[in-house]
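As provided, start.txt (compact mmCIF, C-alpha atoms and all ligand atoms) reads as follows.
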# COMPACT_ATOMS: atom_id res chain seq x y z
CA MET A 1 -29.94 8.58 -8.29
CA ARG A 2 -28.50 11.94 -7.21
CA ARG A 3 -27.14 12.17 -3.68
CA ASN A 4 -25.13 14.73 -1.70
CA ILE A 5 -22.75 13.07 0.71
CA ILE A 6 -20.30 14.41 3.25
CA VAL A 7 -17.17 12.40 3.96
CA THR A 8 -15.31 13.83 6.97
CA GLY A 9 -11.57 13.23 7.26
CA GLY A 10 -11.35 12.56 3.53
CA ALA A 11 -7.79 13.89 3.31
CA GLY A 12 -6.55 11.25 5.74
CA PHE A 13 -5.53 7.66 5.12
CA ILE A 14 -8.81 5.70 5.02
CA GLY A 15 -10.93 8.74 4.15
CA SER A 16 -8.96 9.36 0.94
CA HIS A 17 -9.68 5.81 -0.22
CA VAL A 18 -13.38 6.23 0.61
CA VAL A 19 -13.57 9.57 -1.23
CA ARG A 20 -11.80 8.13 -4.30
CA LEU A 21 -14.08 5.08 -4.39
CA PHE A 22 -17.29 7.14 -4.11
CA VAL A 23 -16.19 9.84 -6.58
CA GLU A 24 -15.24 7.23 -9.19
CA LYS A 25 -18.08 4.79 -8.63
CA TYR A 26 -20.96 7.25 -8.24
CA PRO A 27 -20.75 10.06 -10.83
CA ASP A 28 -24.29 11.14 -9.86
CA TYR A 29 -23.34 11.74 -6.25
CA THR A 30 -21.62 14.91 -5.11
CA ILE A 31 -18.99 14.15 -2.49
CA TYR A 32 -18.12 16.88 0.01
CA ASN A 33 -14.81 16.13 1.69
CA ILE A 34 -14.73 18.05 4.99
CA ASP A 35 -11.28 18.03 6.52
CA LYS A 36 -9.45 20.35 8.90
CA LEU A 37 -6.08 19.31 7.41
CA THR A 38 -4.38 18.53 10.69
CA TYR A 39 -0.86 17.07 10.53
CA ALA A 40 -2.52 13.85 9.24
CA GLY A 41 -4.60 15.46 6.49
CA ASN A 42 -2.88 15.62 3.13
CA LEU A 43 -4.54 16.77 -0.09
CA ALA A 44 -1.79 15.04 -2.05
CA ASN A 45 -3.67 11.83 -1.15
CA LEU A 46 -6.43 12.92 -3.54
CA LYS A 47 -4.43 14.53 -6.35
CA ASP A 48 -5.79 12.08 -8.95
CA ILE A 49 -9.45 12.95 -8.33
CA GLU A 50 -9.35 16.59 -7.19
CA ASP A 51 -10.63 17.94 -10.53
CA ARG A 52 -13.61 15.61 -10.84
CA PRO A 53 -16.89 17.51 -11.25
CA ASN A 54 -18.59 15.55 -8.45
CA TYR A 55 -15.89 16.28 -5.83
CA ARG A 56 -15.75 19.29 -3.47
CA PHE A 57 -13.20 19.96 -0.76
CA VAL A 58 -14.11 22.07 2.28
CA LYS A 59 -11.41 22.92 4.81
CA ALA A 60 -13.29 22.96 8.11
CA ASP A 61 -13.25 21.62 11.65
CA VAL A 62 -15.99 19.12 12.52
CA CYS A 63 -16.23 20.84 15.91
CA ASP A 64 -17.50 24.04 14.21
CA PHE A 65 -21.28 23.65 14.58
CA ASP A 66 -22.38 26.63 12.44
CA THR A 67 -20.15 25.61 9.53
CA MET A 68 -21.31 21.97 9.69
CA LEU A 69 -24.99 22.98 9.79
CA GLY A 70 -24.44 25.50 6.96
CA ILE A 71 -22.82 22.89 4.69
CA MET A 72 -25.60 20.38 5.40
CA ARG A 73 -28.42 22.87 4.76
CA ASP A 74 -26.88 24.67 1.76
CA ASN A 75 -26.09 21.45 -0.08
CA ASP A 76 -29.09 19.31 0.83
CA ILE A 77 -26.86 16.66 2.36
CA ASP A 78 -28.54 13.26 2.77
CA GLY A 79 -25.61 11.09 3.86
CA ILE A 80 -22.68 11.57 6.23
CA ILE A 81 -19.73 9.18 6.42
CA HIS A 82 -17.74 10.29 9.43
CA LEU A 83 -14.06 9.39 9.53
CA ALA A 84 -12.46 12.60 10.83
CA ALA A 85 -10.62 11.82 14.03
CA GLU A 86 -7.36 11.92 15.86
CA SER A 87 -6.25 8.37 15.11
CA HIS A 88 -2.85 7.61 16.63
CA VAL A 89 -2.76 5.83 20.01
CA ASP A 90 0.71 7.12 20.97
CA ARG A 91 -0.36 10.72 20.43
CA SER A 92 -3.45 10.13 22.57
CA ILE A 93 -1.20 9.09 25.45
CA LYS A 94 0.66 12.41 25.17
CA ASP A 95 -2.34 14.65 24.48
CA PRO A 96 -5.70 13.11 25.46
CA PHE A 97 -7.54 16.42 25.41
CA THR A 98 -7.23 16.85 21.63
CA PHE A 99 -8.69 13.35 21.22
CA ALA A 100 -11.71 14.17 23.38
CA ARG A 101 -12.25 17.40 21.48
CA THR A 102 -12.16 16.02 17.95
CA ASN A 103 -13.39 12.47 18.45
CA VAL A 104 -16.10 13.09 21.06
CA MET A 105 -17.15 16.72 20.62
CA GLY A 106 -16.58 16.62 16.86
CA THR A 107 -18.87 13.61 16.47
CA LEU A 108 -21.50 15.14 18.75
CA THR A 109 -21.32 18.41 16.80
CA LEU A 110 -21.92 16.60 13.50
CA LEU A 111 -24.79 14.57 14.98
CA GLU A 112 -26.50 17.65 16.36
CA ALA A 113 -25.97 19.56 13.10
CA ALA A 114 -27.50 16.64 11.15
CA ARG A 115 -30.45 16.49 13.57
CA ARG A 116 -31.15 20.20 13.01
CA ALA A 117 -30.53 20.05 9.24
CA TRP A 118 -32.82 17.04 8.80
CA GLU A 119 -35.45 18.40 11.23
CA GLY A 120 -36.78 14.97 12.08
CA ARG A 121 -37.35 14.04 8.40
CA TYR A 122 -35.07 11.06 8.25
CA GLU A 123 -36.38 9.26 5.17
CA GLY A 124 -33.42 8.53 2.85
CA LYS A 125 -30.88 9.93 5.32
CA MET A 126 -27.90 8.14 6.88
CA PHE A 127 -25.27 9.05 9.50
CA TYR A 128 -22.49 6.46 9.20
CA HIS A 129 -19.80 6.54 11.89
CA ILE A 130 -16.45 4.82 11.30
CA SER A 131 -15.01 3.34 14.46
CA THR A 132 -12.38 0.91 15.63
CA ASP A 133 -12.00 -2.54 17.18
CA GLU A 134 -9.96 -0.89 19.96
CA VAL A 135 -13.18 0.06 21.80
CA TYR A 136 -13.58 -3.61 22.76
CA GLY A 137 -10.36 -3.65 24.80
CA ALA A 138 -7.85 -6.47 24.65
CA LEU A 139 -8.08 -10.22 24.02
CA GLY A 140 -5.81 -12.90 25.44
CA PHE A 141 -3.80 -15.42 23.42
CA ASP A 142 -6.75 -17.71 22.79
CA SER A 143 -9.20 -18.10 19.95
CA THR A 144 -11.70 -15.49 21.17
CA LEU A 145 -12.75 -12.81 18.66
CA PHE A 146 -14.53 -9.47 19.09
CA THR A 147 -18.15 -9.72 17.98
CA GLU A 148 -20.72 -6.93 17.70
CA ASN A 149 -21.93 -7.97 21.18
CA THR A 150 -18.57 -7.75 22.93
CA ARG A 151 -18.72 -5.34 25.87
CA TYR A 152 -16.87 -2.05 25.41
CA ASP A 153 -13.68 -1.89 27.47
CA PRO A 154 -11.40 0.83 26.04
CA HIS A 155 -7.95 1.30 27.57
CA SER A 156 -6.22 4.15 25.75
CA PRO A 157 -7.39 7.77 25.56
CA TYR A 158 -7.83 7.15 21.82
CA SER A 159 -10.10 4.13 22.27
CA ALA A 160 -11.97 5.82 25.14
CA SER A 161 -12.72 8.78 22.86
CA LYS A 162 -13.86 6.51 20.03
CA ALA A 163 -16.03 4.48 22.42
CA SER A 164 -17.68 7.66 23.65
CA SER A 165 -18.38 8.81 20.08
CA ASP A 166 -19.91 5.40 19.23
CA HIS A 167 -22.25 5.75 22.21
CA PHE A 168 -23.36 9.22 21.08
CA VAL A 169 -24.17 7.90 17.61
CA ARG A 170 -26.30 5.10 19.07
CA ALA A 171 -27.92 7.54 21.50
CA PHE A 172 -29.01 9.75 18.57
CA HIS A 173 -30.55 6.71 16.90
CA ASP A 174 -32.36 5.56 20.04
CA THR A 175 -33.42 9.03 21.24
CA TYR A 176 -34.18 10.96 18.07
CA GLY A 177 -34.66 8.14 15.55
CA MET A 178 -31.69 9.30 13.48
CA PRO A 179 -30.79 6.55 10.97
CA SER A 180 -27.24 5.69 11.88
CA ILE A 181 -24.74 2.88 11.59
CA VAL A 182 -21.50 2.24 13.49
CA THR A 183 -18.76 -0.01 12.13
CA ASN A 184 -15.76 -1.19 14.12
CA CYS A 185 -12.80 -2.10 11.97
CA SER A 186 -9.43 -3.70 12.64
CA ASN A 187 -5.99 -2.31 11.64
CA ASN A 188 -5.84 -0.99 8.09
CA TYR A 189 -2.76 -0.94 5.88
CA GLY A 190 -2.03 0.27 2.37
CA PRO A 191 -1.07 3.42 0.43
CA TYR A 192 -1.32 6.95 1.91
CA GLN A 193 -1.02 5.96 5.58
CA PHE A 194 0.71 8.55 7.73
CA PRO A 195 4.22 7.32 8.60
CA GLU A 196 3.71 7.36 12.35
CA LYS A 197 1.83 4.05 12.01
CA LEU A 198 3.78 0.79 12.15
CA ILE A 199 3.83 -0.31 8.50
CA PRO A 200 4.73 2.93 6.64
CA LEU A 201 7.08 3.96 9.46
CA PHE A 202 9.00 0.72 9.20
CA ILE A 203 9.14 0.70 5.37
CA ASN A 204 10.56 4.21 5.42
CA ASN A 205 13.05 3.41 8.19
CA ILE A 206 14.24 0.30 6.36
CA ARG A 207 14.76 2.40 3.23
CA HIS A 208 16.92 4.85 5.22
CA GLY A 209 18.67 2.23 7.38
CA ARG A 210 17.16 3.69 10.57
CA PRO A 211 16.26 1.75 13.74
CA LEU A 212 12.93 -0.11 13.80
CA PRO A 213 11.42 0.56 17.26
CA VAL A 214 9.54 -2.57 18.34
CA TYR A 215 7.41 -1.89 21.43
CA GLY A 216 7.93 -4.36 24.29
CA LYS A 217 8.69 -7.86 23.04
CA GLY A 218 6.85 -7.49 19.75
CA GLU A 219 4.31 -10.07 20.87
CA ASN A 220 1.16 -7.98 20.55
CA VAL A 221 -1.27 -9.18 17.91
CA ARG A 222 -3.18 -7.06 15.41
CA ASP A 223 -5.68 -8.08 12.72
CA TRP A 224 -4.78 -6.46 9.39
CA LEU A 225 -7.07 -5.41 6.54
CA TYR A 226 -6.11 -3.82 3.22
CA VAL A 227 -7.51 -0.28 3.19
CA GLU A 228 -9.34 -0.64 -0.15
CA ASP A 229 -11.22 -3.62 1.29
CA HIS A 230 -12.30 -1.40 4.19
CA ALA A 231 -13.47 1.26 1.72
CA ARG A 232 -15.48 -1.40 -0.19
CA ALA A 233 -17.08 -2.53 3.07
CA ILE A 234 -18.00 1.09 3.90
CA ASP A 235 -19.61 1.49 0.46
CA LEU A 236 -21.63 -1.71 0.92
CA ILE A 237 -22.75 -0.90 4.46
CA PHE A 238 -23.60 2.72 3.64
CA HIS A 239 -25.96 1.52 0.91
CA LYS A 240 -27.22 -1.80 2.29
CA GLY A 241 -26.63 -1.74 6.05
CA LYS A 242 -29.52 -1.64 8.49
CA ALA A 243 -30.05 1.64 10.37
CA GLY A 244 -29.38 1.22 14.08
CA ASP A 245 -27.01 -1.69 13.48
CA THR A 246 -23.34 -2.25 14.18
CA TYR A 247 -21.02 -4.21 11.90
CA ASN A 248 -17.52 -5.43 12.64
CA ILE A 249 -15.05 -5.25 9.75
CA GLY A 250 -11.84 -7.28 9.70
CA GLY A 251 -9.65 -9.45 7.56
CA PHE A 252 -9.52 -12.65 9.66
CA ASN A 253 -5.79 -11.96 9.43
CA GLU A 254 -3.98 -11.90 12.78
CA TRP A 255 -0.26 -11.23 13.01
CA LYS A 256 2.08 -11.00 15.96
CA ASN A 257 3.92 -7.67 15.51
CA ILE A 258 7.38 -9.21 15.30
CA ASP A 259 6.28 -11.72 12.63
CA LEU A 260 4.63 -8.98 10.61
CA ILE A 261 7.75 -6.83 10.96
CA LYS A 262 9.89 -9.65 9.57
CA VAL A 263 7.59 -9.94 6.54
CA ILE A 264 7.86 -6.18 5.96
CA ILE A 265 11.65 -6.35 6.27
CA LYS A 266 11.95 -9.26 3.81
CA THR A 267 9.62 -7.64 1.27
CA THR A 268 11.25 -4.21 1.51
CA ASP A 269 14.77 -5.61 1.32
CA ARG A 270 13.86 -7.66 -1.75
CA LEU A 271 12.21 -4.73 -3.53
CA LEU A 272 15.20 -2.52 -2.71
CA GLY A 273 17.53 -5.13 -4.21
CA ARG A 274 19.08 -5.94 -0.83
CA MET A 275 19.60 -9.38 0.66
CA GLU A 276 16.24 -10.53 2.11
CA GLY A 277 16.28 -10.15 5.88
CA GLU A 278 19.41 -7.96 5.88
CA SER A 279 17.52 -5.14 7.64
CA GLU A 280 16.58 -7.33 10.62
CA ARG A 281 19.70 -5.87 12.23
CA LEU A 282 17.74 -2.59 12.49
CA ILE A 283 15.21 -4.10 14.89
CA SER A 284 15.44 -2.26 18.18
CA TYR A 285 13.30 -3.35 21.14
CA VAL A 286 12.12 -0.23 22.98
CA LYS A 287 9.98 0.57 26.01
CA ASP A 288 6.44 -0.75 25.61
CA ARG A 289 3.50 1.53 24.81
CA ALA A 290 1.63 2.40 28.04
CA GLY A 291 -1.51 0.27 28.37
CA HIS A 292 -0.56 -1.63 25.19
CA ASP A 293 -3.48 -3.93 24.33
CA LEU A 294 -2.22 -7.47 23.85
CA ARG A 295 -4.41 -8.73 21.03
CA TYR A 296 -7.19 -7.51 18.74
CA ALA A 297 -9.10 -9.88 16.46
CA ILE A 298 -12.36 -9.21 14.68
CA ASP A 299 -15.16 -11.63 13.93
CA ALA A 300 -16.51 -10.19 10.66
CA SER A 301 -19.00 -13.00 10.03
CA LYS A 302 -22.10 -10.81 10.45
CA LEU A 303 -20.94 -8.60 7.56
CA ARG A 304 -20.07 -11.68 5.51
CA ASP A 305 -23.36 -13.52 6.21
CA GLU A 306 -25.77 -10.57 6.02
CA LEU A 307 -24.22 -8.43 3.28
CA GLY A 308 -21.90 -10.87 1.49
CA TRP A 309 -18.66 -8.94 2.09
CA LYS A 310 -15.25 -10.56 2.26
CA PRO A 311 -11.73 -9.19 1.88
CA SER A 312 -10.54 -9.34 -1.74
CA LEU A 313 -6.79 -9.44 -1.15
CA GLN A 314 -4.61 -12.11 0.39
CA PHE A 315 -2.26 -10.58 2.96
CA GLU A 316 0.93 -11.47 1.05
CA GLU A 317 -0.44 -9.71 -2.02
CA GLY A 318 -1.55 -6.68 0.03
CA ILE A 319 1.82 -6.28 1.73
CA GLU A 320 3.70 -6.58 -1.56
CA LYS A 321 1.45 -3.90 -3.12
CA THR A 322 1.86 -1.67 -0.06
CA VAL A 323 5.64 -1.85 0.16
CA ARG A 324 5.90 -1.31 -3.58
CA TRP A 325 3.63 1.75 -3.33
CA TYR A 326 5.73 3.42 -0.62
CA LEU A 327 8.96 2.73 -2.48
CA ASP A 328 7.48 4.05 -5.74
CA ASN A 329 6.13 7.17 -4.02
CA GLN A 330 9.16 8.33 -2.10
CA GLN A 331 8.39 11.98 -2.81
CA TRP A 332 5.01 11.63 -1.07
CA MET A 333 6.81 10.22 1.96
CA ASP A 334 9.65 12.74 1.89
CA ASN A 335 7.22 15.67 1.75
CA ILE A 336 5.71 14.44 5.01
CA THR A 337 8.84 13.41 6.82
CA SER A 338 10.61 16.71 6.27
CA GLY A 339 9.87 19.75 8.46
CA GLU A 340 7.48 19.64 11.39
CA TYR A 341 7.06 15.90 11.42
CA GLU A 342 10.79 15.40 11.77
CA LYS A 343 10.70 17.18 15.16
CA TYR A 344 7.77 15.09 16.33
CA TYR A 345 9.50 11.93 15.16
CA GLU A 346 12.63 12.81 17.14
CA ASP A 347 10.58 13.34 20.32
CA MET A 348 8.44 10.29 19.86
CA TYR A 349 10.83 7.63 18.74
CA CYS A 350 14.36 8.76 19.39
CA LYS A 351 14.09 10.04 22.98
CA ARG A 352 12.38 7.00 24.48
P1 LIG B 1 -5.90 9.67 9.75
O1 LIG B 1 -5.28 10.19 11.00
O2 LIG B 1 -5.06 9.21 8.64
O3 LIG B 1 -6.88 10.80 9.14
C1 LIG B 1 -7.73 11.56 9.94
C2 LIG B 1 -8.24 12.73 9.08
O4 LIG B 1 -9.16 13.50 9.88
C3 LIG B 1 -7.13 13.69 8.64
O5 LIG B 1 -7.28 14.02 7.28
C4 LIG B 1 -7.34 14.92 9.53
O6 LIG B 1 -6.94 16.14 8.92
C5 LIG B 1 -8.84 14.88 9.75
N1 LIG B 1 -9.25 15.57 10.97
C6 LIG B 1 -8.71 15.41 12.21
N2 LIG B 1 -9.34 16.24 13.08
C7 LIG B 1 -10.30 16.90 12.37
C8 LIG B 1 -11.27 17.88 12.71
N3 LIG B 1 -11.37 18.35 13.97
N4 LIG B 1 -12.10 18.32 11.76
C9 LIG B 1 -12.00 17.87 10.48
N5 LIG B 1 -11.08 16.97 10.10
C10 LIG B 1 -10.23 16.48 11.03
O7 LIG B 1 -6.92 8.56 10.22
P2 LIG B 1 -7.29 7.16 9.55
O8 LIG B 1 -6.31 6.14 9.97
O9 LIG B 1 -7.59 7.37 8.14
O10 LIG B 1 -8.66 6.84 10.33
C11 LIG B 1 -9.89 7.35 9.86
C12 LIG B 1 -11.01 6.90 10.79
O11 LIG B 1 -11.05 5.48 10.81
C13 LIG B 1 -10.83 7.35 12.23
O12 LIG B 1 -12.10 7.68 12.73
C14 LIG B 1 -10.27 6.12 12.93
O13 LIG B 1 -10.66 6.12 14.28
C15 LIG B 1 -10.95 5.01 12.16
N6 LIG B 1 -10.22 3.74 12.10
C16 LIG B 1 -8.92 3.69 11.69
C17 LIG B 1 -8.27 2.46 11.56
C18 LIG B 1 -6.83 2.36 11.07
O14 LIG B 1 -6.27 1.27 11.10
N7 LIG B 1 -6.22 3.42 10.63
C19 LIG B 1 -8.96 1.28 11.89
C20 LIG B 1 -10.29 1.37 12.33
C21 LIG B 1 -10.90 2.60 12.42
O1 LIG B 2 -7.14 -1.53 15.53
C1 LIG B 2 -7.51 -0.40 14.81
C2 LIG B 2 -6.57 0.74 15.12
O2 LIG B 2 -5.35 0.45 14.45
C3 LIG B 2 -7.09 2.11 14.69
O3 LIG B 2 -8.26 2.40 15.41
C4 LIG B 2 -6.03 3.19 14.93
O4 LIG B 2 -6.50 4.43 14.44
C5 LIG B 2 -4.78 2.79 14.20
O5 LIG B 2 -3.75 3.73 14.46
C6 LIG B 2 -4.32 1.39 14.60
O6 LIG B 2 -3.87 1.40 15.98
P1 LIG B 2 -2.57 0.58 16.45
O7 LIG B 2 -2.09 1.18 17.70
O8 LIG B 2 -2.84 -0.87 16.45
O9 LIG B 2 -1.58 0.91 15.21
P2 LIG B 2 -0.03 1.26 15.16
O10 LIG B 2 0.38 1.22 13.72
O11 LIG B 2 0.29 2.48 15.94
O12 LIG B 2 0.65 0.02 15.90
C7 LIG B 2 0.47 -1.31 15.46
C8 LIG B 2 1.17 -2.22 16.46
O13 LIG B 2 2.59 -2.02 16.34
C9 LIG B 2 0.83 -1.92 17.91
O14 LIG B 2 0.81 -3.14 18.63
C10 LIG B 2 1.99 -1.05 18.40
C11 LIG B 2 3.15 -1.56 17.58
N1 LIG B 2 4.18 -0.55 17.23
C12 LIG B 2 3.76 0.62 16.64
C13 LIG B 2 4.68 1.57 16.28
C14 LIG B 2 4.22 2.87 15.64
C15 LIG B 2 5.53 -0.81 17.43
O15 LIG B 2 5.90 -1.88 17.93
N2 LIG B 2 6.44 0.14 17.06
C16 LIG B 2 6.08 1.33 16.50
O16 LIG B 2 6.95 2.17 16.20
Could I get this file's structure written as structure tokens?
Ligand code: NAD
Ligand code: DAU
Amino acid sequence: MRRNIIVTGGAGFIGSHVVRLFVEKYPDYTIYNIDKLTYAGNLANLKDIEDRPNYRFVKADVCDFDTMLGIMRDNDIDGIIHLAAESHVDRSIKDPFTFARTNVMGTLTLLEAARRAWEGRYEGKMFYHISTDEVYGALGFDSTLFTENTRYDPHSPYSASKASSDHFVRAFHDTYGMPSIVTNCSNNYGPYQFPEKLIPLFINNIRHGRPLPVYGKGENVRDWLYVEDHARAIDLIFHKGKAGDTYNIGGFNEWKNIDLIKVIIKTTDRLLGRMEGESERLISYVKDRAGHDLRYAIDASKLRDELGWKPSLQFEEGIEKTVRWYLDNQQWMDNITSGEYEKYYEDMYCKR
């Protein structure tokens, strides 16, 4: 079956994996990657598929209503997978306005453009919004998990902006009947992640013998999922999910930051031919992130029971693959960490 699908934010970390999966798996679909190419957007993430006949790249801002409507109308778009966002919590603490603009207004702009483009004829259409577990707030150190019914309780400007965008998506379903789905996923890791995020940042710092800034006591817990497993879940839900529904996506894989950091250190040291654990001396406890949520943990049993999804990779395997990828792709990393990013890095991590 022919389909015309927009993926927003396809030049970013998760988006690039989603674009690659769809372009390779569905030769009859045309995939329109709409990305503004902010600091986090990188076309090098898609080098291997950029010449495929069913792939188109459009450099555009999701907040630009006329351009979004034009792309939807001109290309008979029937599906939208919306990942474009400002995604880094620390940046949201410094600059909340940009997060409200892109994450809230950008999502609303796309929704309204889709409503106009589809003119109430919603048969065969889908607006799929990618969101985060951070909208649910923080858990304590017990066995509680976030379910699809957990009350929203965002704490950071990032999670507040994502929560607001989720509400707009549901409002368009309830008010206008737009077929839409929201998924809330836990922390992703894997190739092509921007090195402001914990795992690629630490792998790169270990490689260069730089300090590893652990926020607070390193006791916060995150639930980690290999990015290709997230992309597979998105594919499944886009095709089989129920309009109007929400699905949580997670790996049932909780790690205390400091324990995860030690695994990254051991793996990176080993793959660099150093003594395992040698780089633990680089650990540097720094001031905690403001409003740092203690623990996130996703209950992904609805997705497992209703659609049969489960993560394909064991964590040990995923981490090994990830560290190996960053060490094998040093040029990719060096192209990012030179120039502008270097200045940001200095401000963010060295002047705490
Ligand atoms: P990322 O920061 O790596 O990529 C974001 C992409 O969006 C970039 O390519 C950027 O250029 C693009 N973009 C930003 N503003 C834009 C705009 N105004 N118009 C068009 N494009 C714009 O982000 P990511 O980590 O890949 O996250 C993707 C999505 O998944 C986000 O919506 C995020 O909230 C969500 N999410 C991320 C994680 C995670 O662990 N990374 C977990 C759950 C949910
Ligand atoms: O839970 C899903 C979310 O995961 C996504 O919605 C976000 O887009 C994504 O960025 C990620 O958010 P986190 O804040 O959890 O990811 P980050 O990699 O920034 O941090 C992971 C944990 O490590 C967190 O507890 C903060 C801590 N940390 C992070 C950095 C960058 C450190 O201790 N030191 C660091 O230098």
Please write out the residues within 9 Å of ligand LIG 2 (chain B) as a ChimeraX atom specification, counting all atoms listed in the file.
/A:85-90,131-135,158-159,162,184-189,195-202,212-224,256-258,261,285-286,288-289,292-297,349
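Considering the residues A:Ile6, A:Ile264, A:Ile181, A:Leu145 and counting all atoms listed in the file, Ser301 (chain A) has its shortest atom-to-atom contact with A:Leu145.
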Could you build a table of the residues in chain A lying no more than 6 Å from ligand LIG 1 (chain B), giving for each the nearest pair of atoms and their separation in Å rounded to one decimal place, using all atoms listed in the file, ordered by chain and ascending residue number, as JSON lines?
{"residue": "A:Gly9", "atom": "CA", "partner": "B:LIG1", "partner_atom": "O4", "distance": 3.6}
{"residue": "A:Gly10", "atom": "CA", "partner": "B:LIG1", "partner_atom": "O5", "distance": 5.7}
{"residue": "A:Ala11", "atom": "CA", "partner": "B:LIG1", "partner_atom": "O5", "distance": 4.0}
{"residue": "A:Gly12", "atom": "CA", "partner": "B:LIG1", "partner_atom": "O5", "distance": 3.3}
{"residue": "A:Phe13", "atom": "CA", "partner": "B:LIG1", "partner_atom": "O9", "distance": 3.7}
{"residue": "A:Ile14", "atom": "CA", "partner": "B:LIG1", "partner_atom": "O9", "distance": 3.7}
{"residue": "A:Gly15", "atom": "CA", "partner": "B:LIG1", "partner_atom": "O9", "distance": 5.4}
{"residue": "A:Asp35", "atom": "CA", "partner": "B:LIG1", "partner_atom": "N5", "distance": 3.7}
{"residue": "A:Lys36", "atom": "CA", "partner": "B:LIG1", "partner_atom": "C9", "distance": 3.9}
{"residue": "A:Leu37", "atom": "CA", "partner": "B:LIG1", "partner_atom": "O6", "distance": 3.6}
{"residue": "A:Thr38", "atom": "CA", "partner": "B:LIG1", "partner_atom": "O6", "distance": 3.9}
{"residue": "A:Ala40", "atom": "CA", "partner": "B:LIG1", "partner_atom": "C3", "distance": 4.7}
{"residue": "A:Gly41", "atom": "CA", "partner": "B:LIG1", "partner_atom": "O5", "distance": 3.1}
{"residue": "A:Ala60", "atom": "CA", "partner": "B:LIG1", "partner_atom": "C9", "distance": 5.8}
{"residue": "A:Asp61", "atom": "CA", "partner": "B:LIG1", "partner_atom": "N4", "distance": 3.5}
{"residue": "A:Val62", "atom": "CA", "partner": "B:LIG1", "partner_atom": "N4", "distance": 4.0}
{"residue": "A:Cys63", "atom": "CA", "partner": "B:LIG1", "partner_atom": "N3", "distance": 5.8}
{"residue": "A:Leu83", "atom": "CA", "partner": "B:LIG1", "partner_atom": "O12", "distance": 4.1}
{"residue": "A:Ala84", "atom": "CA", "partner": "B:LIG1", "partner_atom": "O4", "distance": 3.6}
{"residue": "A:Ala85", "atom": "CA", "partner": "B:LIG1", "partner_atom": "C6", "distance": 4.5}
{"residue": "A:Glu86", "atom": "CA", "partner": "B:LIG1", "partner_atom": "C6", "distance": 5.2}
{"residue": "A:Ser87", "atom": "CA", "partner": "B:LIG1", "partner_atom": "O1", "distance": 4.6}
{"residue": "A:Thr102", "atom": "CA", "partner": "B:LIG1", "partner_atom": "N3", "distance": 4.7}
{"residue": "A:Ile130", "atom": "CA", "partner": "B:LIG1", "partner_atom": "O12", "distance": 5.4}
{"residue": "A:Ser131", "atom": "CA", "partner": "B:LIG1", "partner_atom": "C21", "distance": 4.6}
{"residue": "A:Thr132", "atom": "CA", "partner": "B:LIG1", "partner_atom": "C21", "distance": 3.9}
{"residue": "A:Cys185", "atom": "CA", "partner": "B:LIG1", "partner_atom": "C20", "distance": 4.3}
{"residue": "A:Ser186", "atom": "CA", "partner": "B:LIG1", "partner_atom": "C19", "distance": 5.1}
{"residue": "A:Asn187", "atom": "CA", "partner": "B:LIG1", "partner_atom": "O14", "distance": 3.6}
{"residue": "A:Asn188", "atom": "CA", "partner": "B:LIG1", "partner_atom": "O14", "distance": 3.8}
{"residue": "A:Phe194", "atom": "CA", "partner": "B:LIG1", "partner_atom": "O2", "distance": 5.9}
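Closest approach to Gln314 (chain A) among A:Asp229, A:Glu280, A:Asp235, A:Glu148: A:Asp229, based on all atoms listed in the file.
Comparing A:Asn248, A:Ser284, A:Ser165, A:Ser143 by their smallest distance to Pro211 (chain A), the closest is A:Ser284 (using all atoms listed in the file).
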For Tyr55 (chain A), the nearest of the candidates A:Pro27, A:Gly308, A:Pro154, A:Gly70, counting all atoms listed in the file
A:Pro27
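CA of Arg232 (chain A) sits 28.4 Å away from CA of Lys262 (chain A).
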If you count all atoms listed in the file, which residues fall within 7 Å of Tyr29 (chain A), apart from same-chain ones fewer than 6 positions away, as a VMD selection string?
chain A and resid 2 to 4 54
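Considering only C-alpha atoms, the residue among A:Ile336, A:Leu46, A:Leu303, A:Val19 positioned nearest to Asn33 (chain A) is A:Val19.
The neighbours of Tyr32 (chain A) here are the residues that come within 7 Å of it, using only C-alpha atoms and leaving out any residue fewer than 5 positions away in the same chain; they are Ile5, Ile6, Val7, Tyr55, Arg56, Phe57 and Val58 of chain A.
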